[in-house]
Structures are given as C-alpha cells and as structure tokens.
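S.K.: Below: one structure in structure tokens.
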Amino acid sequence: FPELLTILIWFRFVLAVGYGLYVGTKLVNNAVVLIQALNLIAFIPTVYCKFFLGVSAEVFPMETIFAGLPNAMALCILIWVYMFTAANEESEAQLTSLLLSAVAPNLDGSVGGEAGQAFDGGAAASASTPPVSEQEAPEF
C-alpha cells in the first residue's frame, strides 16, 4: 500500500484543521489544548493504521507512521491562533492602542532621552550607552 504515508499525512491535516477550528471558535486559551491536539493528531491515525488497516510495525517503522506530525501540529496551532484572534478583535484593538500610546512619544526623533527633546546628533544616546569592551576571540 504505497499511498499509506500520503493518506496518513492528509488525515493528520484534516484532523488538525478540524480541531484548530473547534478550539478557535470555542475560545479556549489554555495549554491543555496543545496536549489534546498532539494526542488527537498523533494517535488517531496510528490507531486507525494498526487496528483497521492491519499495518504492522515491521512493514512501516514508527518514524514513517508519525510522518507529517510537526506540520499538522503547526497547522492546528496556526488555525487556533487565527480563529481566536479573529473572535477577539476588540481586545486586539485595545492592545494595539496601548502599544501605540507607549511607543508614540518616542517617534518624535529623540534618541536616548525624554520624549519631546530635540535630536542632538547622538550625544545623548552615546552618553547613556555604556562603552563596549573588546572581548577575546573565541578558541573555537
């Protein structure tokens, strides 16, 4: 059955998309989701291969049975984060405004000083920056 690995990888992707959509729309935000996703994506296809298809470990070693697992986990996490962020747009807007209010006073051209000070050619920045001592070259 030469297409087994391709089928397993796509089966893992389908499970990852489904679970990522589920936890993203249910607004779950704890670390237990990652362990549940790992168990779902890793072991359901393995159990399917072993019990329903009768694949033995001698024919397909476990490294090949777990093919596509990192990609499926990344896909699940990506969809989960996207769906969670899309459902919390007001919190995202609040975070953006807080970050902009913290960064905006430093956008007036000052370097290394208080907000509103004029740019003095880097003298203030160099006065507040400690000197860098030369280090020995590494042995390796």
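Ligands are numbered from 1 in the order shown, residues from 1 within each chain, and chains are lettered A, B, ... in the order they appear in the structure tokens.
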Could you name the residues that touch segment 73-86 of chain A at 9 Å or less, counting only C-alpha atoms, but leaving out those on the same chain fewer than 5 positions away, as a compact mmCIF listing (two decimals) with N, CA, C and O atoms, in the first residue's frame?

M.R.:
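Dumped everything to selection25.txt:
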# COMPACT_ATOMS: atom_id res chain seq x y z
N ARG A 12 -3.94 13.53 9.00
CA ARG A 12 -3.48 14.39 10.10
C ARG A 12 -3.83 15.86 9.82
O ARG A 12 -4.23 16.59 10.73
N PHE A 13 -3.68 16.29 8.58
CA PHE A 13 -4.02 17.68 8.25
C PHE A 13 -5.52 17.95 8.44
O PHE A 13 -5.90 19.00 8.94
N LEU A 15 -7.54 16.38 10.51
CA LEU A 15 -7.77 16.43 11.95
C LEU A 15 -7.27 17.75 12.54
O LEU A 15 -7.92 18.34 13.41
N ALA A 16 -6.13 18.23 12.07
CA ALA A 16 -5.57 19.48 12.57
C ALA A 16 -6.47 20.67 12.24
O ALA A 16 -6.71 21.53 13.09
N VAL A 17 -6.96 20.71 11.02
CA VAL A 17 -7.85 21.81 10.63
C VAL A 17 -9.13 21.75 11.45
O VAL A 17 -9.60 22.77 11.97
N GLY A 18 -9.70 20.58 11.59
CA GLY A 18 -10.95 20.44 12.35
C GLY A 18 -10.77 20.82 13.81
O GLY A 18 -11.59 21.56 14.36
N TYR A 19 -9.73 20.33 14.44
CA TYR A 19 -9.52 20.64 15.86
C TYR A 19 -9.12 22.10 16.05
O TYR A 19 -9.54 22.73 17.01
N GLY A 20 -8.31 22.64 15.14
CA GLY A 20 -7.96 24.06 15.23
C GLY A 20 -9.17 24.96 15.11
O GLY A 20 -9.32 25.94 15.85
N LEU A 21 -10.08 24.65 14.20
CA LEU A 21 -11.32 25.41 14.07
C LEU A 21 -12.19 25.27 15.31
O LEU A 21 -12.79 26.24 15.78
N TYR A 22 -12.25 24.06 15.86
CA TYR A 22 -13.08 23.82 17.04
C TYR A 22 -12.61 24.64 18.23
O TYR A 22 -13.39 25.37 18.84
N VAL A 23 -11.33 24.52 18.58
CA VAL A 23 -10.85 25.24 19.77
C VAL A 23 -10.74 26.74 19.51
O VAL A 23 -10.87 27.53 20.45
N GLY A 24 -10.56 27.15 18.26
CA GLY A 24 -10.52 28.57 17.96
C GLY A 24 -11.87 29.23 18.08
O GLY A 24 -11.97 30.36 18.54
N THR A 25 -12.92 28.54 17.69
CA THR A 25 -14.26 29.12 17.79
C THR A 25 -14.85 28.98 19.18
O THR A 25 -15.72 29.75 19.56
N LYS A 26 -14.37 28.01 19.96
CA LYS A 26 -14.84 27.86 21.35
C LYS A 26 -14.07 28.78 22.30
O LYS A 26 -14.36 28.81 23.49
N LEU A 27 -13.10 29.53 21.79
CA LEU A 27 -12.30 30.50 22.53
C LEU A 27 -11.58 29.87 23.72
O LEU A 27 -11.53 30.41 24.81
N VAL A 28 -11.00 28.71 23.49
CA VAL A 28 -10.21 28.03 24.51
C VAL A 28 -8.81 28.63 24.48
O VAL A 28 -8.22 28.80 23.42
N ASN A 29 -8.27 28.96 25.67
CA ASN A 29 -6.95 29.59 25.70
C ASN A 29 -6.07 29.02 26.82
O ASN A 29 -5.53 29.76 27.62
N LEU A 34 -2.92 22.06 23.54
CA LEU A 34 -1.76 21.56 22.79
C LEU A 34 -1.56 20.06 23.02
O LEU A 34 -1.26 19.32 22.07
N ALA A 37 -4.35 18.27 21.21
CA ALA A 37 -4.11 18.27 19.76
C ALA A 37 -3.04 17.26 19.39
O ALA A 37 -3.17 16.54 18.39
N LEU A 38 -1.98 17.18 20.18
CA LEU A 38 -0.93 16.21 19.92
C LEU A 38 -1.48 14.78 19.99
O LEU A 38 -1.19 13.96 19.12
N ILE A 41 -3.90 14.28 16.89
CA ILE A 41 -3.24 14.24 15.58
C ILE A 41 -2.25 13.09 15.48
O ILE A 41 -2.06 12.52 14.40
N GLY A 68 4.55 13.75 9.05
CA GLY A 68 3.61 14.87 8.92
C GLY A 68 3.11 15.40 10.24
O GLY A 68 2.32 16.34 10.26
N SER A 91 -10.24 43.15 21.83
CA SER A 91 -9.05 43.03 22.67
C SER A 91 -7.79 43.34 21.86
O SER A 91 -6.85 43.96 22.37
N GLU A 92 -7.77 42.92 20.60
CA GLU A 92 -6.64 43.22 19.74
C GLU A 92 -6.53 44.72 19.50
O GLU A 92 -5.43 45.28 19.51

S.K.: Write out as number ranges by chain all residues of segment 34-103 of chain A that backbone DSSP assigns to alpha helix (DSSP H).

M.R.: A: 34-47, 62-65, 69-87, 89-103

S.K.: Between A:Leu5, A:Leu53, A:Leu100, A:Ala137, which residue has the minimum interatomic distance to Ile65 of chain A, considering only C-alpha atoms?

M.R.: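 So, comparing all the options, the nearest one is A:Leu5.
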